[in-house]
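Data block below; observations after.
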Amino acid sequence: MDLKYIINKRLIIVLALISSVTATAQSNYGRMNGFLKDADTGEPLLFANVSLRNTGIGSASNNDGYYIISNIPPGEYTLQILMMGYTRTEKSVRVVAGLEERHDFEIRPISIEGEEVVVTGDRQRFEKQIEVSAVSLSMRDVKTMPAFVEADIFRTLQLLPGVQSSSDFSSALVVRGGSPDENLIMLDDIEIYNPFHLGGVFSTFNADAIADAEFLAGGFPARYGNRISSVLSITGREGDSRHNKLFDGKKLGEYFDISQVRGEVNLLSSKLLVEGPLLRGSWVFSGRRTYFDQIAKLYYWAKDEPMDWSYYFYDFQGKVVQNINPSNRLSFSHYKGRDRIAFELEQSDSDVGFTWDWGNSTKSGEWRWVPNSRFLSTLSLANTVYQFDVNLSYSATDTTGVNAETQFIVFNQIDDKTLKENLDWFINSAHTLTLGLELKDLGVQFNIGNDEITFIDEVESNMIYSGILQEKWQPNPVIMLQSGLRITKYSAHDRLYYEPRLGFKFLLNRDLAFKGAWGIYNQFIFTAQDEDAILSIVDFWNPIPSNYHAKAVQHYVLGLEQWIGDGWFASLEAYYKPYRNTLVINPNQNFSDPDDDYTEGTAKVYGAELLFKKNIGKITGWLGFSYMDSQQEFDFNGDGLAIESDGEVYKSKYDQPYSVNLVLNYAPSVKNSFGLTISSSSSNLYTPTVGYTYTQNGSSFDFSNPYSDLTELKGTRNSARYPNYFRADVSYARQITPFGIEGLCKIQVINLSNHFNTFVYNWDLAAGTVEGVGMFPFLPTFGVEFKF
């Protein structure tokens, strides 16, 4: 029997029963709902203000452009839609008690000159939404700030208070002291593992293909699970369904066409985005590839020398949307990104070959069903595969001419299959209930070996079952409550995990709110953390073994939120995160014992953050301050105690006492814009070398001087800190129209003052000296975007 028929039938029965309970209570009021779209492209309009004029009744559209207004007294009203950069749209409506009406709108964009202020959904979100530790970023925020070569959403997030990077060479997110593997990163609701290129220097997401990004730094609700620090939910663009440029007027154009092509060429890569209408919906495809290897080929060709190395990365993502009817929509998303390094070393009697590639591949399908204004159902099926593959080959020829070859292989794979169902029940304008089910099949493979011997051969498959109940309730105009419960069964553990969540907002006055959140969070997959590692190129993902506890933490968050005026916003938050359990690599592990790979411990992180943000006008941007302190405890020697003098009580390597970030964009005209970012912060911790001593020779034993090798004497773990970090970046962008093609020329300078930021110290024990290795120096870059 058809799955869609079964689900529809069961849901209709459930909804009919529920609706009958509430029908009487709702009979004295009317309701309305609908979808908002960009009239030029057909893309959803996110966070637009939808209200009944002069009544105070309204809401904001969500990530799908969907809005709902409940509990409307019968009568005649003017329904208005307001959003920055779009025409004010109004429509006369008549509300009848007990009935619901659907009003879909297509809003035409307009250019905004100077300091014009247009009210958006930000005010509605301030008054109606509980958004603790939450920031929503538009691609305008990402693309107008200085960037290393090209716009990068992860680099933008690192400039928010409470978010940091381990170095210039990493775009991985360290959120409120949590390790990067504790962040849930999703593209169109698909989980992405290790979403970075070039060892973390660049993220895998093309900014042109992103519609919106919501970032939750803590206290996130029950709908998100299996991560314990933060959530980054990225919504991909759906494509322009309104223009036929290639097959306009032709039969094929009724089914498929291309509406727009845009691209970019810079010092790092070239990228292309193509979009257009497709039958009853739209499609979009974007791709990017570096050309380090291609430029190198030309260089070696010009020198008439063989090229014995190669590196490149690529990624592409696509999305297809089909509107079956006003109530049903199907969409399909796909992403693939890959890095590849290869080199060969040839000698007279031996050859060494090395290949290393890693990346993600995702596929997902989603069915969205809106049976009426009270319910919104989303059913999705997704598959994510992350692979890490190293192949080292060695061949040698002996004096007799016999050739021998061997290979050494390291392979790690995550195969994540996830089925989700979320049902939003809009009981009334003050009360929403969300029910959810999630089934995750998590397959993990890890192999190390050579041609003859397999050292490690692990293949696991763990199931994670989750049920979600979440309620948002506004009992009166000044109090908002959001409670939730996530119940999870992890197949490797013989227990249920209960994760209650609670959030609130209390309006102290019209423009000032007191907010807070608390929750319990568990994580069942992690990356092995080496406490002394300086830079992690890629991550080895592992499920929590059956003999270890899940990573677990609580979030306590309190704060104030000030609405200063249209376009102005301020937030002050304090947080406390006690880790009941966390894991690191056991430094004293016995390789013959498969059950002592990790050491469990506890930790605590606390801090405060202040953010001022301006969204409207010629000058936009934000100023952020953050303070953080941390401590963690591990019983490495197994004596039942965590003792500081034994190096078992120490600060996390992600500890960062303070940071200040200023982000400004100045647009004096439509054609020109200037960007400035200034970052100043405490730098990374490290374990200092306090001396050195002679020790017994290692591989080359010398009987005449058996203790000639020098070895470092290390001080207390993470007890020293590199000099403070400072960097200022600037950018300039100008719209151009060469040969009638719309374009944008960008010039950027990284580290304008050429400030030396220490990445690591290099100790020369023989000479008794130490030298600092720096991060990004003064570095100008440029690029050109085009659209036609």
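Chain labels follow the order of the structure tokens: the first chain is A, the next B, and so on; residue numbering restarts at 1 in every chain, and ligands are counted from 1 in their shown order.
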Each stretch 468-506 of chain A residue no farther than 10 Å from stretch 427-444 of chain A, nearest pair in Å, only C-alpha atoms, as a Markdown table:
```
| residue | atom | partner | partner_atom | distance |
| --- | --- | --- | --- | --- |
| A:Ile468 | CA | A:Gly436 | CA | 4.6 |
| A:Leu469 | CA | A:Leu435 | CA | 4.9 |
| A:Gln470 | CA | A:Thr434 | CA | 5.0 |
| A:Glu471 | CA | A:Leu433 | CA | 4.5 |
| A:Lys472 | CA | A:Thr432 | CA | 5.1 |
| A:Trp473 | CA | A:His431 | CA | 4.5 |
| A:Gln474 | CA | A:Ala430 | CA | 4.8 |
| A:Pro475 | CA | A:Ala430 | CA | 6.7 |
| A:Asn476 | CA | A:Ala430 | CA | 8.1 |
| A:Pro477 | CA | A:Ala430 | CA | 9.0 |
| A:Met480 | CA | A:Ala430 | CA | 8.7 |
| A:Leu481 | CA | A:His431 | CA | 9.6 |
| A:Gln482 | CA | A:Thr432 | CA | 9.4 |
| A:Ser483 | CA | A:Leu433 | CA | 9.8 |
| A:Gly484 | CA | A:Thr434 | CA | 9.0 |
| A:Arg486 | CA | A:Gly436 | CA | 9.2 |
| A:Ile487 | CA | A:Leu437 | CA | 9.8 |
| A:Thr488 | CA | A:Glu438 | CA | 9.2 |
| A:Lys489 | CA | A:Leu439 | CA | 9.9 |
| A:Tyr490 | CA | A:Lys440 | CA | 9.7 |
| A:Ser491 | CA | A:Asp441 | CA | 9.9 |
```
Practice problem: Excluding stretch 147-156 of chain A and residues on its chain fewer than 4 positions from it, collect all residues at most 10 Å away from it, counting only C-alpha atoms, and give them as JSON, numbers by chain. | Solution: {"A": [137, 138, 139, 141, 142, 143, 160, 163, 164, 165, 168, 170, 171, 172, 173, 195, 196, 201, 202, 203, 204, 205, 206, 207, 208, 210, 213, 232, 234, 264, 265, 266, 267, 268, 269, 663, 675, 676, 677, 729, 730, 731, 746, 747, 748, 749, 750, 751, 776, 779, 780, 781, 782, 783]}
Can you write out the residues you just picked, keeping C-alpha atoms, as a PDB file, in the first residue's frame?
```pdb
ATOM      1  CA  LEU A 137      21.995  35.798   9.565  1.00  0.00           C
ATOM      2  CA  SER A 138      21.001  36.785   6.060  1.00  0.00           C
ATOM      3  CA  MET A 139      23.402  36.301   3.193  1.00  0.00           C
ATOM      4  CA  ASP A 141      25.363  39.939   6.440  1.00  0.00           C
ATOM      5  CA  VAL A 142      27.767  37.297   5.161  1.00  0.00           C
ATOM      6  CA  LYS A 143      28.588  38.763   1.764  1.00  0.00           C
ATOM      7  CA  LEU A 160      29.720  36.768  17.042  1.00  0.00           C
ATOM      8  CA  VAL A 163      31.996  31.969  19.082  1.00  0.00           C
ATOM      9  CA  GLN A 164      35.671  31.557  18.318  1.00  0.00           C
ATOM     10  CA  SER A 165      38.068  29.646  16.088  1.00  0.00           C
ATOM     11  CA  ASP A 168      43.184  31.609  11.304  1.00  0.00           C
ATOM     12  CA  SER A 170      40.324  26.855  10.903  1.00  0.00           C
ATOM     13  CA  SER A 171      36.743  27.867  10.188  1.00  0.00           C
ATOM     14  CA  ALA A 172      35.455  25.279  12.685  1.00  0.00           C
ATOM     15  CA  LEU A 173      33.188  26.750  15.361  1.00  0.00           C
ATOM     16  CA  PRO A 195      31.811  20.677   6.695  1.00  0.00           C
ATOM     17  CA  PHE A 196      35.212  22.125   5.821  1.00  0.00           C
ATOM     18  CA  VAL A 201      40.411  26.892   6.203  1.00  0.00           C
ATOM     19  CA  PHE A 202      37.170  27.146   4.195  1.00  0.00           C
ATOM     20  CA  SER A 203      33.629  25.945   4.802  1.00  0.00           C
ATOM     21  CA  THR A 204      31.846  23.737   2.307  1.00  0.00           C
ATOM     22  CA  PHE A 205      28.833  25.997   1.774  1.00  0.00           C
ATOM     23  CA  ASN A 206      28.456  28.320  -1.202  1.00  0.00           C
ATOM     24  CA  ALA A 207      27.026  31.598   0.145  1.00  0.00           C
ATOM     25  CA  ASP A 208      25.169  32.272  -3.133  1.00  0.00           C
ATOM     26  CA  ILE A 210      22.017  29.953   0.930  1.00  0.00           C
ATOM     27  CA  ALA A 213      21.049  30.704   8.497  1.00  0.00           C
ATOM     28  CA  LEU A 232      23.519  25.965  12.869  1.00  0.00           C
ATOM     29  CA  ILE A 234      21.138  26.568   7.000  1.00  0.00           C
ATOM     30  CA  GLU A 264      32.473  34.237  -9.182  1.00  0.00           C
ATOM     31  CA  VAL A 265      36.160  34.042  -9.977  1.00  0.00           C
ATOM     32  CA  ASN A 266      38.707  34.707  -7.239  1.00  0.00           C
ATOM     33  CA  LEU A 267      42.199  33.701  -6.168  1.00  0.00           C
ATOM     34  CA  LEU A 268      40.917  30.503  -4.570  1.00  0.00           C
ATOM     35  CA  SER A 269      38.297  29.072  -6.877  1.00  0.00           C
ATOM     36  CA  VAL A 663      31.844  44.338  12.087  1.00  0.00           C
ATOM     37  CA  GLY A 675      33.595  46.645   4.947  1.00  0.00           C
ATOM     38  CA  LEU A 676      35.648  46.567   8.139  1.00  0.00           C
ATOM     39  CA  THR A 677      36.149  43.885  10.778  1.00  0.00           C
ATOM     40  CA  ASP A 729      40.366  43.315   7.690  1.00  0.00           C
ATOM     41  CA  VAL A 730      38.963  45.733   5.115  1.00  0.00           C
ATOM     42  CA  SER A 731      37.064  45.323   1.873  1.00  0.00           C
ATOM     43  CA  LYS A 746      35.683  42.930  -4.761  1.00  0.00           C
ATOM     44  CA  ILE A 747      38.986  43.853  -3.162  1.00  0.00           C
ATOM     45  CA  GLN A 748      39.855  42.598   0.330  1.00  0.00           C
ATOM     46  CA  VAL A 749      42.834  42.939   2.606  1.00  0.00           C
ATOM     47  CA  ILE A 750      43.309  40.443   5.422  1.00  0.00           C
ATOM     48  CA  ASN A 751      45.330  41.582   8.458  1.00  0.00           C
ATOM     49  CA  PHE A 776      47.726  35.022   8.294  1.00  0.00           C
ATOM     50  CA  LEU A 779      47.182  39.402   2.512  1.00  0.00           C
ATOM     51  CA  PRO A 780      45.326  41.211  -0.288  1.00  0.00           C
ATOM     52  CA  THR A 781      42.811  39.266  -2.393  1.00  0.00           C
ATOM     53  CA  PHE A 782      40.345  40.110  -5.113  1.00  0.00           C
ATOM     54  CA  GLY A 783      37.465  38.541  -6.982  1.00  0.00           C
TER      55      GLY A 783
END
```
Quiz prompt | Point-to-point distance in Å for atom CA of A:Ala608 and atom CA of A:Pro657 | solution =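 According to the coordinates, atom CA of A:Pro657 and atom CA of A:Ala608 are separated by 10.2 Å.
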Quiz prompt | Test item: residues at most 10 Å from A:Ala550, only C-alpha atoms, excluding those fewer than 4 positions along its chain, as a list in words | solution = Asn226, Tyr490, His493, Tyr497, Tyr521, Asn522, Gln523, Phe524, Ile525, Phe526, Pro543, Ile544, Pro545, Ser546, Arg580, Asn581, Thr582, Leu583 and Glu600 of chain A
Can I get the selected residues back with N, CA, C and O atoms, as a short mmCIF file (atom, residue, chain, number, x, y, z; two decimals), in the first residue's frame?
```
data_model
loop_
_atom_site.label_atom_id
_atom_site.label_comp_id
_atom_site.auth_asym_id
_atom_site.auth_seq_id
_atom_site.Cartn_x
_atom_site.Cartn_y
_atom_site.Cartn_z
N ASN A 226 21.21 15.22 19.83
CA ASN A 226 22.47 14.53 19.52
C ASN A 226 23.63 15.49 19.31
O ASN A 226 24.62 15.14 18.70
N TYR A 490 19.37 5.07 22.68
CA TYR A 490 20.60 4.79 21.93
C TYR A 490 20.86 3.30 22.06
O TYR A 490 20.99 2.77 23.17
N HIS A 493 23.34 1.56 24.47
CA HIS A 493 23.14 1.70 25.91
C HIS A 493 21.78 1.14 26.31
O HIS A 493 20.78 1.35 25.60
N TYR A 497 17.21 8.08 27.52
CA TYR A 497 17.74 9.40 27.88
C TYR A 497 16.60 10.40 27.82
O TYR A 497 15.95 10.55 26.78
N TYR A 521 21.24 17.98 27.69
CA TYR A 521 21.62 17.61 26.33
C TYR A 521 22.57 16.42 26.38
O TYR A 521 23.48 16.38 27.22
N ASN A 522 22.38 15.47 25.46
CA ASN A 522 23.24 14.30 25.34
C ASN A 522 23.72 14.15 23.91
O ASN A 522 23.04 14.56 22.96
N GLN A 523 24.89 13.53 23.76
CA GLN A 523 25.49 13.35 22.44
C GLN A 523 26.04 11.93 22.33
O GLN A 523 26.75 11.46 23.22
N PHE A 524 25.74 11.26 21.19
CA PHE A 524 26.06 9.85 21.04
C PHE A 524 27.08 9.56 19.95
O PHE A 524 27.37 8.41 19.67
N ILE A 525 27.62 10.59 19.32
CA ILE A 525 28.70 10.45 18.35
C ILE A 525 29.66 11.60 18.58
O ILE A 525 29.24 12.71 18.92
N PHE A 526 30.95 11.35 18.43
CA PHE A 526 31.92 12.38 18.76
C PHE A 526 33.20 12.14 17.96
O PHE A 526 33.36 11.11 17.31
N PRO A 543 31.03 6.46 17.22
CA PRO A 543 29.87 6.40 18.12
C PRO A 543 30.36 6.20 19.55
O PRO A 543 31.44 5.66 19.78
N ILE A 544 29.59 6.66 20.51
CA ILE A 544 29.94 6.42 21.91
C ILE A 544 29.95 4.91 22.16
O ILE A 544 28.93 4.24 21.93
N PRO A 545 31.07 4.34 22.60
CA PRO A 545 31.11 2.89 22.83
C PRO A 545 30.17 2.48 23.97
O PRO A 545 29.79 3.30 24.81
N SER A 546 29.82 1.21 23.97
CA SER A 546 28.87 0.71 24.97
C SER A 546 29.41 0.80 26.39
O SER A 546 28.63 0.86 27.34
N ARG A 580 28.42 16.83 32.72
CA ARG A 580 28.39 15.64 33.57
C ARG A 580 29.36 14.58 33.06
O ARG A 580 29.90 13.79 33.82
N ASN A 581 29.58 14.58 31.73
CA ASN A 581 30.53 13.63 31.16
C ASN A 581 31.05 14.15 29.83
O ASN A 581 30.30 14.67 29.01
N THR A 582 32.37 14.02 29.63
CA THR A 582 32.99 14.32 28.35
C THR A 582 34.15 13.35 28.17
O THR A 582 34.58 12.69 29.13
N LEU A 583 34.65 13.22 26.95
CA LEU A 583 35.67 12.22 26.65
C LEU A 583 36.85 12.84 25.92
O LEU A 583 36.67 13.72 25.05
N GLU A 600 37.07 9.37 30.57
CA GLU A 600 35.90 10.18 30.87
C GLU A 600 36.23 11.19 31.95
O GLU A 600 37.06 10.95 32.83
#
```
Practice problem: Would you please extract all strand (DSSP E or B) residues from stretch 551-774 of chain A, as assigned by DSSP on the backbone, and give them as a ChimeraX atom specification? | Solution: /A:551-565,568-585,598-614,619-634,649-650,658-666,672-681,685-686,689-695,709-714,720-721,725-736,742-750,758-764,769-774
Self-check item: Proximity to A:Leu560 - best of A:Val321, A:Val132, A:Ala97, A:Ile448, only C-alpha atoms
Solution: A:Val132
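Nearest to A:Leu99 of all the residues A:Tyr29, A:Phe446, A:Phe47, A:Phe313 is A:Tyr29, counting only C-alpha atoms.
Comparing the minimum interatomic distances between A:Tyr650 and each of A:Thr384, A:Thr687, A:Gln347, A:Thr737, counting only C-alpha atoms, we find that A:Thr687 sits nearest.
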Practice problem: Kindly give the distance, in Å, that separates atom CA of A:Ser683 and atom CA of A:Asn757, rounded to a single decimal. | Solution: 8.6 Å
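Of note, atom CA of A:Ile57 and atom CA of A:Pro109 are spaced 24.5 Å apart.
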Practice problem: Please identify all polymer residues within 9 Å of A:Thr378, counting only C-alpha atoms, omitting same-chain residues fewer than 5 positions from it, and present them as an MDAnalysis selection string. | Solution: chainID A and resid 366:370 420:424
Quiz item: Residues of stretch 171-206 of chain A in helix (DSSP H, G or I) according to DSSP, as a PyMOL selection string?
Solution: chain A and resi 180-182+198-200
Exercise. Find the spatial neighbours of A:Asp308, counting only C-alpha atoms, within a cut-off of 9 Å - ignore same-chain residues fewer than 2 positions away - and output them as a ChimeraX atom specification.
Key: /A:306,310,342-346
Would you output that residue set with N, CA, C and O atoms, as an mmCIF file, in the first residue's frame?
```cif
data_model
loop_
_atom_site.group_PDB
_atom_site.id
_atom_site.type_symbol
_atom_site.label_atom_id
_atom_site.label_comp_id
_atom_site.auth_asym_id
_atom_site.auth_seq_id
_atom_site.Cartn_x
_atom_site.Cartn_y
_atom_site.Cartn_z
ATOM 1 N N PRO A 306 58.168 17.381 -14.382
ATOM 2 C CA PRO A 306 57.002 16.588 -13.968
ATOM 3 C C PRO A 306 56.370 17.172 -12.703
ATOM 4 O O PRO A 306 57.056 17.713 -11.839
ATOM 5 N N SER A 310 49.403 17.074 -6.142
ATOM 6 C CA SER A 310 48.126 17.634 -6.588
ATOM 7 C C SER A 310 47.247 17.886 -5.368
ATOM 8 O O SER A 310 47.236 17.082 -4.428
ATOM 9 N N ALA A 342 47.334 14.439 -3.284
ATOM 10 C CA ALA A 342 48.120 13.323 -3.813
ATOM 11 C C ALA A 342 49.534 13.815 -4.119
ATOM 12 O O ALA A 342 49.728 14.947 -4.568
ATOM 13 N N PHE A 343 50.517 12.956 -3.861
ATOM 14 C CA PHE A 343 51.888 13.266 -4.275
ATOM 15 C C PHE A 343 52.669 11.974 -4.440
ATOM 16 O O PHE A 343 52.310 10.914 -3.906
ATOM 17 N N GLU A 344 53.751 12.075 -5.198
ATOM 18 C CA GLU A 344 54.638 10.936 -5.444
ATOM 19 C C GLU A 344 56.076 11.361 -5.199
ATOM 20 O O GLU A 344 56.485 12.460 -5.580
ATOM 21 N N LEU A 345 56.843 10.474 -4.563
ATOM 22 C CA LEU A 345 58.272 10.687 -4.338
ATOM 23 C C LEU A 345 59.027 9.559 -5.022
ATOM 24 O O LEU A 345 58.884 8.390 -4.654
ATOM 25 N N GLU A 346 59.802 9.909 -6.037
ATOM 26 C CA GLU A 346 60.525 8.896 -6.797
ATOM 27 C C GLU A 346 62.017 8.992 -6.495
ATOM 28 O O GLU A 346 62.610 10.069 -6.533
#
```
